[in-house]
Amino acid sequence: MIGLFGLWRRDAAAPADIAALTTRHPAGIAVESLALQGAGLGIAAHMHSRCLSRARQDDIAVFVSGEIFEAEKLDPQAKDAADLILRFYREDKLDRLAEANGQFAAALYDGGKHKLVLIADRLASVPLHYWSDDQGLVFATQLYTLLGEPRIPRRADPLGLAELFTLQRTIADHTPVQGVKALPAAHILQQDRNGISLRPYWHLHWRKPDFNRSEGAERLAAALRAALTRQSDGQDVGLLLSGGLDSRLVLAAADRKPLCWTTASFEDNPELALARTVAAGLHAQHRTVLVDPAETLAIQDETTRDGGGMFPASTSVAAFMPRVAQESSICLTGHGLDYTLRGYYLPSRFLRLGGSNTRLPMLAELPARPDAAYLFNRLRQGPPRSTIERIVRPARQADWFGGQVNALSNWLAPWLNSDEPVNAWDAFILAQVSKHYAFTSMAAVRGHTDLRIPAFDIDVLNVYLSMPPQWRVEATMTQQAMRLLSPEIARLPNANTGFRADLNSWAEIGALLGRAALRRLGLASRPQTPSDSHSAGSWQNLTALFREDPAHRAHFTAIRGRLDALSFGLFDTDALAACIDEHLDGHAKHTKLLRQLLTHDSWVRVFGIA
């Protein structure tokens, strides 16, 4: 899946030349376009893609990137997603897309009314970006495609950059390119002779459960099974399987087992061994892709292009996806199950002991009415606040931090002002999910195959939206659902802890603390790796990779030499240079900052940002 692109001209008689957008796609991508008087639509996808559709009737044309499952349940005559949207539009029923079960973005042009309609799904899981001036509007899923339009100034947006370096993502409709906006989740944009209008067709909200934890586990297990029945349809469906819990849930729920793929940096990796055991236990075929950590630098620019510079580029995923794409045209993933069903980003209590922090399955105490500043200062993303204050010029810090707080206040107000303001932490992710920094790996997957995310299936999401925050953060209901799906798989270790996946949360904390004590006493050791740049998990050790790999060191040295061109008047280049030096010399750990700087440098060069 690559996505949509197109334009609308104010003059309905003007030819719509979208060649500048069409040519912005890499080799091996199928591109289809429709040039009409006054507007043009296009869609780009992998040669083998099935996650696209188009429909045309009279003067109306629709292109859809993504899928709507079981469209016939919403309209018995609908053939696919594009046909469903065409029918809803003609019947003035686009608000019924609130019932649509899928991950998609759509573009519709009505020639009779000279109207362009852009649609984001309920979570904006397939992004759409747009730019407009007095001549018209240009849109595209990928920012790189959008900037093929020569009228768009390639200028960095200061607030967008502040958000990226602080939060590793942008907020609301912001992007790092000045004047370019992201279409909000669950919104319909209309551009006609009267201008642009935006309206929501669905609102993200949580409700009180009509079930207890045990009943909820049964509902969740059933919802996951139903989601996988829909999403594992096809002969060449794969699953990105780790040794953790989320992809394991997906595999256990699938009656038709997908081909499982696991990446690691060395053959004797313990997480790889566990993933193989999980696949074998559920009678699924398994493939392994080994990626040398040093190989990832070569695809930094390509991965930044695919992700638009909207978060730190996930080169570790992009490095193994070409091999996956050879056998799996569609990839399932457990993405999203951790921050929905297991409350991973909710504000939790931590136990500080022996120099380490252990997350407890308990919500943190919040003020009765937390505001955006409170939330901003407690989000667990990006480099430490002290590092950001060090690298940002003093004269720019008020706008840097104040602008982000104001943006969060405006965007998250419905949830911060609700009866359960703690849900604002989850809304920060789900109200524009394709912008969250964890989505970077999903952008890398879409660079090579189509993507299906069971966590966003409407049945699964409805169960989640009925789970109180405390249920989510303690995760017992999700563990119970795993036992119902596969008791044997639930008993296998969780690669992230090394202990049984169905172990009670408090017992797991006790086991973790006990193991930490044994390690401090020299009575237990960590798994051995071939080098410090490798890790015992799926990915490389970035902290060591940046320091020890000659190519990475040379690349950061080169970045150090062009900081003036990367600072845009926002950064203290001497402080940035000092952070690079400190990390490379082993005097400090600036991994998150350097990872963002690596992507920022690629974005400026590849996108031609002035």
# chains A, B, ... in the order shown; residues from 1 in each chain; ligands from 1
$ residues_around --residues "A:Gly608" --least-positions-apart "3" --cutoff "9 Å" --atoms "only C-alpha atoms" --output "PyMOL selection string"
chain A and resi 154-155+603-605
$ residues_around --residues "stretch 48-50 of chain A" --least-positions-apart "5" --cutoff "9 Å" --atoms "only C-alpha atoms" --output "CSV table (one decimal) with all heavy atoms, in the first residue's frame"
chain,number,residue,atom,x,y,z
A,1,MET,N,0.8,-1.2,0.0
A,1,MET,CA,0.0,0.0,0.0
A,1,MET,C,0.9,1.3,0.0
A,1,MET,O,1.8,1.4,0.8
A,1,MET,CB,-0.9,0.0,1.2
A,1,MET,CG,-1.8,1.2,1.4
A,1,MET,SD,-2.6,1.3,2.9
A,1,MET,CE,-3.6,-0.1,2.9
A,30,ALA,N,2.8,0.2,-8.9
A,30,ALA,CA,1.7,0.4,-9.9
A,30,ALA,C,1.0,1.7,-9.6
A,30,ALA,O,0.6,1.9,-8.5
A,30,ALA,CB,0.8,-0.8,-9.9
A,66,GLY,N,-6.8,1.0,0.8
A,66,GLY,CA,-7.2,0.3,2.0
A,66,GLY,C,-8.4,-0.6,1.8
A,66,GLY,O,-8.8,-0.9,0.6
A,67,GLU,N,-9.1,-1.0,2.8
A,67,GLU,CA,-10.2,-1.9,2.7
A,67,GLU,C,-11.3,-1.6,3.7
A,67,GLU,O,-11.1,-1.0,4.7
A,67,GLU,CB,-9.7,-3.3,3.1
A,67,GLU,CG,-8.6,-3.9,2.2
A,67,GLU,CD,-8.1,-5.2,2.8
A,67,GLU,OE1,-7.3,-5.1,3.8
A,67,GLU,OE2,-8.4,-6.2,2.3
A,329,SER,N,1.9,-10.9,0.4
A,329,SER,CA,1.5,-9.6,-0.1
A,329,SER,C,0.7,-8.8,0.9
A,329,SER,O,0.5,-7.6,0.7
A,329,SER,CB,0.6,-9.8,-1.4
A,329,SER,OG,-0.6,-10.5,-1.1
A,330,ILE,N,0.2,-9.5,1.9
A,330,ILE,CA,-0.6,-8.8,3.0
A,330,ILE,C,0.1,-9.2,4.3
A,330,ILE,O,0.4,-10.4,4.5
A,330,ILE,CB,-2.1,-9.2,3.0
A,330,ILE,CG1,-2.7,-8.7,1.7
A,330,ILE,CG2,-2.8,-8.7,4.3
A,330,ILE,CD1,-4.2,-9.1,1.6
A,449,THR,N,4.3,-4.0,1.5
A,449,THR,CA,3.2,-4.9,1.4
A,449,THR,C,1.9,-4.1,1.9
A,449,THR,O,2.0,-3.0,2.4
A,449,THR,CB,3.3,-6.2,2.3
A,449,THR,OG1,3.2,-5.8,3.7
A,449,THR,CG2,4.6,-6.9,2.1
A,450,ASP,N,0.8,-4.8,1.7
A,450,ASP,CA,-0.5,-4.3,2.3
A,450,ASP,C,-0.5,-4.6,3.8
A,450,ASP,O,0.2,-5.6,4.2
A,450,ASP,CB,-1.7,-4.9,1.6
A,450,ASP,CG,-1.8,-4.4,0.2
A,450,ASP,OD1,-1.4,-3.3,-0.1
A,450,ASP,OD2,-2.4,-5.2,-0.7
$ select_by_dssp --residues "stretch 315-391 of chain A" --states "helix (DSSP H, G or I)" --output "list in words"
Thr315, Ser316, Val317, Ala318, Ala319, Phe320, Met321, Pro322, Arg323, Val324, Ala325, Leu337, Asp338, Tyr339, Thr340, Ala372, Ala373, Tyr374, Leu375, Phe376, Arg385, Ser386, Thr387, Ile388, Glu389, Arg390 and Ile391 of chain A
$ closest_atom_pairs --of "stretch 131-237 of chain A" --to "stretch 87-110 of chain A" --cutoff "9 Å" --atoms "only C-alpha atoms" --output "CSV"
residue,atom,partner,partner_atom,distance
A:Thr141,CA,A:Ala105,CA,8.3
A:Ala186,CA,A:Ala98,CA,7.7
A:Ile188,CA,A:Leu94,CA,8.5
A:Pro200,CA,A:Asp95,CA,8.4
A:Tyr201,CA,A:Asp95,CA,5.0
A:Trp202,CA,A:Ala98,CA,5.5
A:His203,CA,A:Ala98,CA,8.8
$ write_last_selection --atoms "C-alpha atoms" --output "mmCIF file, in the first residue's frame"
data_model
loop_
_atom_site.group_PDB
_atom_site.id
_atom_site.type_symbol
_atom_site.label_atom_id
_atom_site.label_comp_id
_atom_site.auth_asym_id
_atom_site.auth_seq_id
_atom_site.Cartn_x
_atom_site.Cartn_y
_atom_site.Cartn_z
ATOM 1 C CA THR A 141 -1.188 9.931 1.418
ATOM 2 C CA ALA A 186 -13.163 10.333 11.180
ATOM 3 C CA ILE A 188 -14.820 14.383 5.712
ATOM 4 C CA PRO A 200 -16.606 14.721 11.693
ATOM 5 C CA TYR A 201 -18.766 11.663 11.083
ATOM 6 C CA TRP A 202 -17.744 9.775 14.274
ATOM 7 C CA HIS A 203 -16.339 10.653 17.691
#
$ closest_atom_pairs --of "stretch 454-500 of chain A" --to "stretch 277-286 of chain A" --cutoff "10 Å" --atoms "only C-alpha atoms" --output "Markdown table"
| residue | atom | partner | partner_atom | distance |
| --- | --- | --- | --- | --- |
| A:Ser486 | CA | A:Leu282 | CA | 8.5 |
| A:Glu488 | CA | A:Gly281 | CA | 7.7 |
| A:Ile489 | CA | A:Val278 | CA | 6.4 |
| A:Ala490 | CA | A:Val278 | CA | 9.6 |
| A:Leu492 | CA | A:Val278 | CA | 7.7 |
| A:Pro493 | CA | A:Val278 | CA | 9.6 |
$ write_last_selection --atoms "C-alpha atoms" --output "CSV table (one decimal), in the first residue's frame"
chain,number,residue,atom,x,y,z
A,486,SER,CA,-4.8,-21.0,23.5
A,488,GLU,CA,-0.7,-23.7,25.8
A,489,ILE,CA,0.6,-20.6,24.1
A,490,ALA,CA,-0.4,-18.5,27.1
A,492,LEU,CA,5.0,-19.9,27.1
A,493,PRO,CA,7.4,-17.2,28.2
$ closest_residue --among "A:His534, A:His600, A:Arg519, A:Arg452" --to "A:Ala227" --atoms "only C-alpha atoms"
A:Arg452
$ closest_atom_pairs --of "stretch 281-390 of chain A" --to "stretch 168-178 of chain A" --cutoff "8 Å" --atoms "only C-alpha atoms" --output "JSON lines"
{"residue": "A:Gly309", "atom": "CA", "partner": "A:Pro176", "partner_atom": "CA", "distance": 7.8}
{"residue": "A:Met310", "atom": "CA", "partner": "A:Arg169", "partner_atom": "CA", "distance": 5.9}
{"residue": "A:Phe311", "atom": "CA", "partner": "A:Arg169", "partner_atom": "CA", "distance": 5.1}
{"residue": "A:Pro312", "atom": "CA", "partner": "A:Gln168", "partner_atom": "CA", "distance": 6.6}
{"residue": "A:Gln381", "atom": "CA", "partner": "A:Gln168", "partner_atom": "CA", "distance": 6.7}
{"residue": "A:Gly382", "atom": "CA", "partner": "A:Gln168", "partner_atom": "CA", "distance": 5.6}
$ write_last_selection --atoms "N, CA and C atoms" --output "PDB file, in the first residue's frame"
ATOM      1  N   GLY A 309       8.954  11.484   7.129  1.00  0.00           N
ATOM      2  CA  GLY A 309       9.608  12.236   8.187  1.00  0.00           C
ATOM      3  C   GLY A 309       8.687  12.533   9.353  1.00  0.00           C
ATOM      4  N   MET A 310       7.568  11.797   9.437  1.00  0.00           N
ATOM      5  CA  MET A 310       6.546  12.066  10.448  1.00  0.00           C
ATOM      6  C   MET A 310       6.857  11.427  11.792  1.00  0.00           C
ATOM      7  N   PHE A 311       7.916  10.618  11.857  1.00  0.00           N
ATOM      8  CA  PHE A 311       8.388   9.980  13.078  1.00  0.00           C
ATOM      9  C   PHE A 311       9.764   9.397  12.768  1.00  0.00           C
ATOM     10  N   PRO A 312      10.531   8.992  13.774  1.00  0.00           N
ATOM     11  CA  PRO A 312      11.836   8.392  13.488  1.00  0.00           C
ATOM     12  C   PRO A 312      11.674   7.174  12.572  1.00  0.00           C
ATOM     13  N   GLN A 381       7.400   9.922  25.655  1.00  0.00           N
ATOM     14  CA  GLN A 381       7.956   9.897  24.311  1.00  0.00           C
ATOM     15  C   GLN A 381       9.128  10.872  24.242  1.00  0.00           C
ATOM     16  N   GLY A 382      10.018  10.626  23.315  1.00  0.00           N
ATOM     17  CA  GLY A 382      11.059  11.574  23.001  1.00  0.00           C
ATOM     18  C   GLY A 382      12.185  11.652  24.010  1.00  0.00           C
TER      19      GLY A 382
END
$ residues_around --residues "A:Gly243" --least-positions-apart "3" --cutoff "10 Å" --atoms "only C-alpha atoms" --output "PDB file with N, CA, C and O atoms, in the first residue's frame"
ATOM      1  N   ASP A 246       1.422  -9.541  21.741  1.00  0.00           N
ATOM      2  CA  ASP A 246       0.407  -9.010  20.840  1.00  0.00           C
ATOM      3  C   ASP A 246       0.279  -9.833  19.565  1.00  0.00           C
ATOM      4  O   ASP A 246      -0.826 -10.235  19.177  1.00  0.00           O
ATOM      5  N   SER A 247       1.393 -10.115  18.890  1.00  0.00           N
ATOM      6  CA  SER A 247       1.311 -10.938  17.687  1.00  0.00           C
ATOM      7  C   SER A 247       0.906 -12.365  18.026  1.00  0.00           C
ATOM      8  O   SER A 247       0.283 -13.060  17.217  1.00  0.00           O
ATOM      9  N   ARG A 248       1.219 -12.797  19.231  1.00  0.00           N
ATOM     10  CA  ARG A 248       0.803 -14.130  19.688  1.00  0.00           C
ATOM     11  C   ARG A 248      -0.724 -14.204  19.795  1.00  0.00           C
ATOM     12  O   ARG A 248      -1.343 -15.216  19.427  1.00  0.00           O
ATOM     13  N   THR A 262       9.615 -13.656  11.465  1.00  0.00           N
ATOM     14  CA  THR A 262      10.310 -13.082  12.608  1.00  0.00           C
ATOM     15  C   THR A 262      11.670 -12.584  12.156  1.00  0.00           C
ATOM     16  O   THR A 262      12.371 -13.266  11.415  1.00  0.00           O
ATOM     17  N   PRO A 270      17.279 -15.294  21.502  1.00  0.00           N
ATOM     18  CA  PRO A 270      16.253 -15.976  22.305  1.00  0.00           C
ATOM     19  C   PRO A 270      14.827 -15.618  21.910  1.00  0.00           C
ATOM     20  O   PRO A 270      13.922 -16.467  22.012  1.00  0.00           O
ATOM     21  N   GLU A 271      14.597 -14.394  21.448  1.00  0.00           N
ATOM     22  CA  GLU A 271      13.242 -14.046  21.018  1.00  0.00           C
ATOM     23  C   GLU A 271      12.872 -14.793  19.743  1.00  0.00           C
ATOM     24  O   GLU A 271      11.724 -15.223  19.571  1.00  0.00           O
ATOM     25  N   LEU A 272      13.830 -14.953  18.862  1.00  0.00           N
ATOM     26  CA  LEU A 272      13.591 -15.729  17.650  1.00  0.00           C
ATOM     27  C   LEU A 272      13.239 -17.176  18.000  1.00  0.00           C
ATOM     28  O   LEU A 272      12.303 -17.756  17.433  1.00  0.00           O
ATOM     29  N   ALA A 273      13.963 -17.761  18.940  1.00  0.00           N
ATOM     30  CA  ALA A 273      13.675 -19.134  19.353  1.00  0.00           C
ATOM     31  C   ALA A 273      12.259 -19.248  19.915  1.00  0.00           C
ATOM     32  O   ALA A 273      11.533 -20.216  19.634  1.00  0.00           O
ATOM     33  N   LEU A 274      11.854 -18.254  20.692  1.00  0.00           N
ATOM     34  CA  LEU A 274      10.521 -18.289  21.281  1.00  0.00           C
ATOM     35  C   LEU A 274       9.447 -18.131  20.207  1.00  0.00           C
ATOM     36  O   LEU A 274       8.406 -18.813  20.237  1.00  0.00           O
ATOM     37  N   ALA A 275       9.675 -17.237  19.232  1.00  0.00           N
ATOM     38  CA  ALA A 275       8.707 -17.063  18.149  1.00  0.00           C
ATOM     39  C   ALA A 275       8.536 -18.365  17.361  1.00  0.00           C
ATOM     40  O   ALA A 275       7.415 -18.732  16.973  1.00  0.00           O
ATOM     41  N   ARG A 276       9.623 -19.063  17.137  1.00  0.00           N
ATOM     42  CA  ARG A 276       9.522 -20.353  16.450  1.00  0.00           C
ATOM     43  C   ARG A 276       8.706 -21.349  17.256  1.00  0.00           C
ATOM     44  O   ARG A 276       7.908 -22.119  16.706  1.00  0.00           O
ATOM     45  N   THR A 277       8.888 -21.328  18.568  1.00  0.00           N
ATOM     46  CA  THR A 277       8.130 -22.230  19.440  1.00  0.00           C
ATOM     47  C   THR A 277       6.647 -21.900  19.394  1.00  0.00           C
ATOM     48  O   THR A 277       5.792 -22.802  19.344  1.00  0.00           O
ATOM     49  N   VAL A 278       6.320 -20.594  19.415  1.00  0.00           N
ATOM     50  CA  VAL A 278       4.909 -20.174  19.340  1.00  0.00           C
ATOM     51  C   VAL A 278       4.295 -20.632  18.028  1.00  0.00           C
ATOM     52  O   VAL A 278       3.187 -21.199  17.998  1.00  0.00           O
ATOM     53  N   ALA A 279       4.998 -20.397  16.910  1.00  0.00           N
ATOM     54  CA  ALA A 279       4.471 -20.793  15.604  1.00  0.00           C
ATOM     55  C   ALA A 279       4.264 -22.306  15.538  1.00  0.00           C
ATOM     56  O   ALA A 279       3.220 -22.785  15.068  1.00  0.00           O
ATOM     57  N   LEU A 492       3.596 -20.118  27.545  1.00  0.00           N
ATOM     58  CA  LEU A 492       4.963 -19.898  27.072  1.00  0.00           C
ATOM     59  C   LEU A 492       5.495 -18.558  27.573  1.00  0.00           C
ATOM     60  O   LEU A 492       4.726 -17.636  27.851  1.00  0.00           O
ATOM     61  N   PRO A 493       6.802 -18.410  27.661  1.00  0.00           N
ATOM     62  CA  PRO A 493       7.360 -17.153  28.166  1.00  0.00           C
ATOM     63  C   PRO A 493       7.042 -15.964  27.261  1.00  0.00           C
ATOM     64  O   PRO A 493       6.866 -16.107  26.044  1.00  0.00           O
ATOM     65  N   ASN A 494       6.972 -14.806  27.874  1.00  0.00           N
ATOM     66  CA  ASN A 494       6.888 -13.535  27.167  1.00  0.00           C
ATOM     67  C   ASN A 494       8.324 -13.080  26.919  1.00  0.00           C
ATOM     68  O   ASN A 494       9.103 -12.939  27.862  1.00  0.00           O
ATOM     69  N   ALA A 495       8.695 -12.861  25.661  1.00  0.00           N
ATOM     70  CA  ALA A 495      10.081 -12.508  25.352  1.00  0.00           C
ATOM     71  C   ALA A 495      10.521 -11.220  26.020  1.00  0.00           C
ATOM     72  O   ALA A 495      11.711 -11.014  26.254  1.00  0.00           O
ATOM     73  N   ASN A 496       9.574 -10.349  26.342  1.00  0.00           N
ATOM     74  CA  ASN A 496       9.936  -9.072  26.951  1.00  0.00           C
ATOM     75  C   ASN A 496      10.316  -9.219  28.421  1.00  0.00           C
ATOM     76  O   ASN A 496      10.966  -8.337  28.984  1.00  0.00           O
ATOM     77  N   GLY A 498      10.711 -12.816  29.873  1.00  0.00           N
ATOM     78  CA  GLY A 498      11.282 -14.136  30.110  1.00  0.00           C
ATOM     79  C   GLY A 498      10.424 -15.018  30.989  1.00  0.00           C
ATOM     80  O   GLY A 498      10.742 -16.186  31.210  1.00  0.00           O
ATOM     81  N   GLY A 537      16.472  -9.039  21.651  1.00  0.00           N
ATOM     82  CA  GLY A 537      15.125  -8.879  21.136  1.00  0.00           C
ATOM     83  C   GLY A 537      15.111  -8.870  19.617  1.00  0.00           C
ATOM     84  O   GLY A 537      16.049  -9.305  18.956  1.00  0.00           O
ATOM     85  N   SER A 538      14.020  -8.341  19.054  1.00  0.00           N
ATOM     86  CA  SER A 538      13.857  -8.356  17.606  1.00  0.00           C
ATOM     87  C   SER A 538      14.772  -7.355  16.918  1.00  0.00           C
ATOM     88  O   SER A 538      15.172  -7.558  15.771  1.00  0.00           O
TER      89      SER A 538
END
$ select_by_dssp --residues "stretch 30-107 of chain A" --states "strand (DSSP E)" --output "ChimeraX atom specification"
/A:30-36,39-46,52-57,60-69,101-107
$ residues_around --residues "A:Phe376" --least-positions-apart "4" --cutoff "10 Å" --atoms "only C-alpha atoms" --output "list in words"
Thr166, Leu167, Asp371, Ala372, Arg380, Gln381, Phe401, Gln404, Val405, Leu408, Ser409 and Trp425 of chain A
$ closest_residue --among "A:Leu198, A:Ala226, A:Leu346, A:Cys331" --to "A:Trp471" --atoms "only C-alpha atoms"
A:Leu346
$ residues_around --residues "A:Val180" --least-positions-apart "5" --cutoff "10 Å" --atoms "only C-alpha atoms" --output "list in words"
His129, Tyr130, Trp131, Ser132, Val138, Phe139, Leu143, Leu146, Leu147, Ile152, Pro153, Arg154, Arg155, Asp157, Asp173, His174 and Thr175 of chain A
$ write_last_selection --atoms "all heavy atoms" --output "compact mmCIF listing (two decimals), in the first residue's frame"
# COMPACT_ATOMS: atom_id res chain seq x y z
N HIS A 129 -2.79 13.85 3.45
CA HIS A 129 -2.27 15.19 3.67
C HIS A 129 -2.73 16.10 2.54
O HIS A 129 -2.91 15.63 1.41
CB HIS A 129 -0.74 15.16 3.74
CG HIS A 129 -0.21 14.22 4.78
ND1 HIS A 129 0.22 12.94 4.49
CD2 HIS A 129 -0.06 14.37 6.12
CE1 HIS A 129 0.61 12.34 5.60
NE2 HIS A 129 0.45 13.18 6.59
N TYR A 130 -2.92 17.37 2.84
CA TYR A 130 -3.38 18.28 1.80
C TYR A 130 -2.79 19.67 1.98
O TYR A 130 -2.35 20.06 3.07
CB TYR A 130 -4.91 18.33 1.77
CG TYR A 130 -5.56 18.94 2.99
CD1 TYR A 130 -5.95 20.28 3.00
CD2 TYR A 130 -5.81 18.18 4.13
CE1 TYR A 130 -6.56 20.84 4.13
CE2 TYR A 130 -6.42 18.74 5.25
CZ TYR A 130 -6.78 20.06 5.24
OH TYR A 130 -7.37 20.62 6.35
N TRP A 131 -2.77 20.41 0.89
CA TRP A 131 -2.28 21.79 0.84
C TRP A 131 -3.19 22.55 -0.12
O TRP A 131 -3.62 22.00 -1.14
CB TRP A 131 -0.84 21.80 0.34
CG TRP A 131 -0.25 23.17 0.14
CD1 TRP A 131 0.41 23.93 1.06
CD2 TRP A 131 -0.25 23.93 -1.07
NE1 TRP A 131 0.82 25.12 0.50
CE2 TRP A 131 0.43 25.14 -0.81
CE3 TRP A 131 -0.76 23.71 -2.35
CZ2 TRP A 131 0.61 26.12 -1.78
CZ3 TRP A 131 -0.59 24.69 -3.33
CH2 TRP A 131 0.09 25.87 -3.03
N SER A 132 -3.49 23.79 0.20
CA SER A 132 -4.38 24.54 -0.67
C SER A 132 -3.90 25.99 -0.81
O SER A 132 -3.22 26.53 0.07
CB SER A 132 -5.81 24.52 -0.14
OG SER A 132 -5.89 25.16 1.13
N VAL A 138 -4.26 20.30 -3.30
CA VAL A 138 -3.48 19.12 -3.67
C VAL A 138 -3.48 18.18 -2.48
O VAL A 138 -3.39 18.65 -1.33
CB VAL A 138 -2.02 19.51 -4.04
CG1 VAL A 138 -1.29 18.29 -4.61
CG2 VAL A 138 -1.99 20.67 -5.02
N PHE A 139 -3.57 16.87 -2.71
CA PHE A 139 -3.60 15.92 -1.60
C PHE A 139 -2.80 14.67 -1.94
O PHE A 139 -2.58 14.34 -3.12
CB PHE A 139 -5.05 15.52 -1.24
CG PHE A 139 -5.74 14.69 -2.29
CD1 PHE A 139 -5.68 13.30 -2.26
CD2 PHE A 139 -6.45 15.29 -3.32
CE1 PHE A 139 -6.31 12.53 -3.22
CE2 PHE A 139 -7.08 14.54 -4.30
CZ PHE A 139 -7.01 13.15 -4.24
N LEU A 143 3.68 12.33 2.09
CA LEU A 143 4.17 13.70 1.98
C LEU A 143 5.12 13.85 0.81
O LEU A 143 5.15 14.90 0.14
CB LEU A 143 4.87 14.12 3.28
CG LEU A 143 3.98 14.58 4.43
CD1 LEU A 143 4.83 14.85 5.66
CD2 LEU A 143 3.21 15.83 4.04
N LEU A 146 3.12 14.39 -2.25
CA LEU A 146 2.49 15.71 -2.22
C LEU A 146 3.46 16.79 -2.67
O LEU A 146 3.10 17.72 -3.42
CB LEU A 146 1.99 16.00 -0.81
CG LEU A 146 1.16 17.27 -0.64
CD1 LEU A 146 -0.25 17.06 -1.17
CD2 LEU A 146 1.10 17.70 0.81
N LEU A 147 4.71 16.71 -2.21
CA LEU A 147 5.68 17.75 -2.53
C LEU A 147 6.19 17.67 -3.96
O LEU A 147 7.04 18.46 -4.36
CB LEU A 147 6.85 17.68 -1.55
CG LEU A 147 6.50 18.05 -0.10
CD1 LEU A 147 7.73 18.04 0.78
CD2 LEU A 147 5.81 19.41 -0.03
N ILE A 152 3.90 24.00 -4.04
CA ILE A 152 4.00 23.89 -2.58
C ILE A 152 5.40 24.28 -2.13
O ILE A 152 6.38 23.64 -2.51
CB ILE A 152 3.69 22.46 -2.11
CG1 ILE A 152 2.28 22.03 -2.57
CG2 ILE A 152 3.80 22.36 -0.60
CD1 ILE A 152 1.92 20.61 -2.21
N PRO A 153 5.53 25.32 -1.30
CA PRO A 153 6.86 25.70 -0.80
C PRO A 153 7.40 24.61 0.12
O PRO A 153 6.69 24.11 1.00
CB PRO A 153 6.59 27.00 -0.02
CG PRO A 153 5.24 27.46 -0.45
CD PRO A 153 4.48 26.22 -0.82
N ARG A 154 8.65 24.25 -0.08
CA ARG A 154 9.26 23.21 0.76
C ARG A 154 9.94 23.86 1.96
O ARG A 154 11.16 23.91 2.05
CB ARG A 154 10.24 22.38 -0.07
CG ARG A 154 9.56 21.68 -1.24
CD ARG A 154 10.50 20.77 -1.97
NE ARG A 154 9.84 20.16 -3.13
CZ ARG A 154 10.38 19.21 -3.88
NH1 ARG A 154 11.58 18.76 -3.58
NH2 ARG A 154 9.72 18.72 -4.91
N ARG A 155 9.11 24.34 2.87
CA ARG A 155 9.61 25.02 4.06
C ARG A 155 9.23 24.23 5.31
O ARG A 155 8.10 23.72 5.41
CB ARG A 155 9.04 26.44 4.14
CG ARG A 155 9.59 27.39 3.09
CD ARG A 155 9.33 28.84 3.47
NE ARG A 155 7.91 29.14 3.48
CZ ARG A 155 7.24 29.68 2.45
NH1 ARG A 155 7.91 29.96 1.33
NH2 ARG A 155 5.97 29.93 2.53
N ASP A 157 8.06 23.60 9.06
CA ASP A 157 7.15 24.24 10.01
C ASP A 157 7.78 24.18 11.40
O ASP A 157 8.02 23.08 11.92
CB ASP A 157 5.80 23.52 10.02
CG ASP A 157 4.80 24.21 10.91
OD1 ASP A 157 4.10 25.11 10.40
OD2 ASP A 157 4.72 23.86 12.11
N ASP A 173 -3.61 18.15 13.27
CA ASP A 173 -3.45 18.17 11.82
C ASP A 173 -2.10 18.74 11.40
O ASP A 173 -1.88 19.02 10.23
CB ASP A 173 -4.59 18.97 11.16
CG ASP A 173 -4.59 20.44 11.55
OD1 ASP A 173 -3.79 20.84 12.44
OD2 ASP A 173 -5.39 21.21 10.97
N HIS A 174 -1.17 18.87 12.34
CA HIS A 174 0.13 19.45 12.02
C HIS A 174 1.00 18.47 11.24
O HIS A 174 0.89 17.25 11.40
CB HIS A 174 0.88 19.83 13.31
CG HIS A 174 0.14 20.81 14.16
ND1 HIS A 174 0.57 21.20 15.40
CD2 HIS A 174 -1.02 21.50 13.95
CE1 HIS A 174 -0.27 22.07 15.93
NE2 HIS A 174 -1.25 22.25 15.07
N THR A 175 1.89 19.03 10.44
CA THR A 175 2.94 18.26 9.76
C THR A 175 4.23 19.08 9.85
O THR A 175 4.20 20.26 10.22
CB THR A 175 2.62 18.01 8.26
OG1 THR A 175 2.82 19.21 7.52
CG2 THR A 175 1.19 17.51 8.08
$ closest_atom_pairs --of "stretch 201-301 of chain A" --to "stretch 412-418 of chain A" --cutoff "12 Å" --atoms "only C-alpha atoms" --output "CSV"
residue,atom,partner,partner_atom,distance
A:His203,CA,A:Pro414,CA,9.6
A:Leu204,CA,A:Trp415,CA,9.0
A:His205,CA,A:Trp415,CA,8.0
A:Trp206,CA,A:Trp415,CA,9.4
A:Arg207,CA,A:Ser418,CA,11.3
$ write_last_selection --atoms "N, CA, C and O atoms" --output "short mmCIF file (atom, residue, chain, number, x, y, z; two decimals), in the first residue's frame"
data_model
loop_
_atom_site.label_atom_id
_atom_site.label_comp_id
_atom_site.auth_asym_id
_atom_site.auth_seq_id
_atom_site.Cartn_x
_atom_site.Cartn_y
_atom_site.Cartn_z
N HIS A 203 -17.13 10.10 16.59
CA HIS A 203 -16.34 10.65 17.69
C HIS A 203 -15.78 9.51 18.53
O HIS A 203 -16.51 8.57 18.90
N LEU A 204 -14.51 9.58 18.83
CA LEU A 204 -13.86 8.61 19.70
C LEU A 204 -14.33 8.84 21.13
O LEU A 204 -14.15 9.93 21.69
N HIS A 205 -14.97 7.84 21.72
CA HIS A 205 -15.41 7.99 23.11
C HIS A 205 -15.45 6.62 23.78
O HIS A 205 -15.64 5.59 23.13
N TRP A 206 -15.23 6.64 25.07
CA TRP A 206 -15.27 5.43 25.87
C TRP A 206 -16.60 5.34 26.60
O TRP A 206 -17.24 6.36 26.89
N ARG A 207 -17.02 4.13 26.89
CA ARG A 207 -18.30 3.93 27.57
C ARG A 207 -18.10 2.93 28.70
O ARG A 207 -17.13 2.18 28.74
#
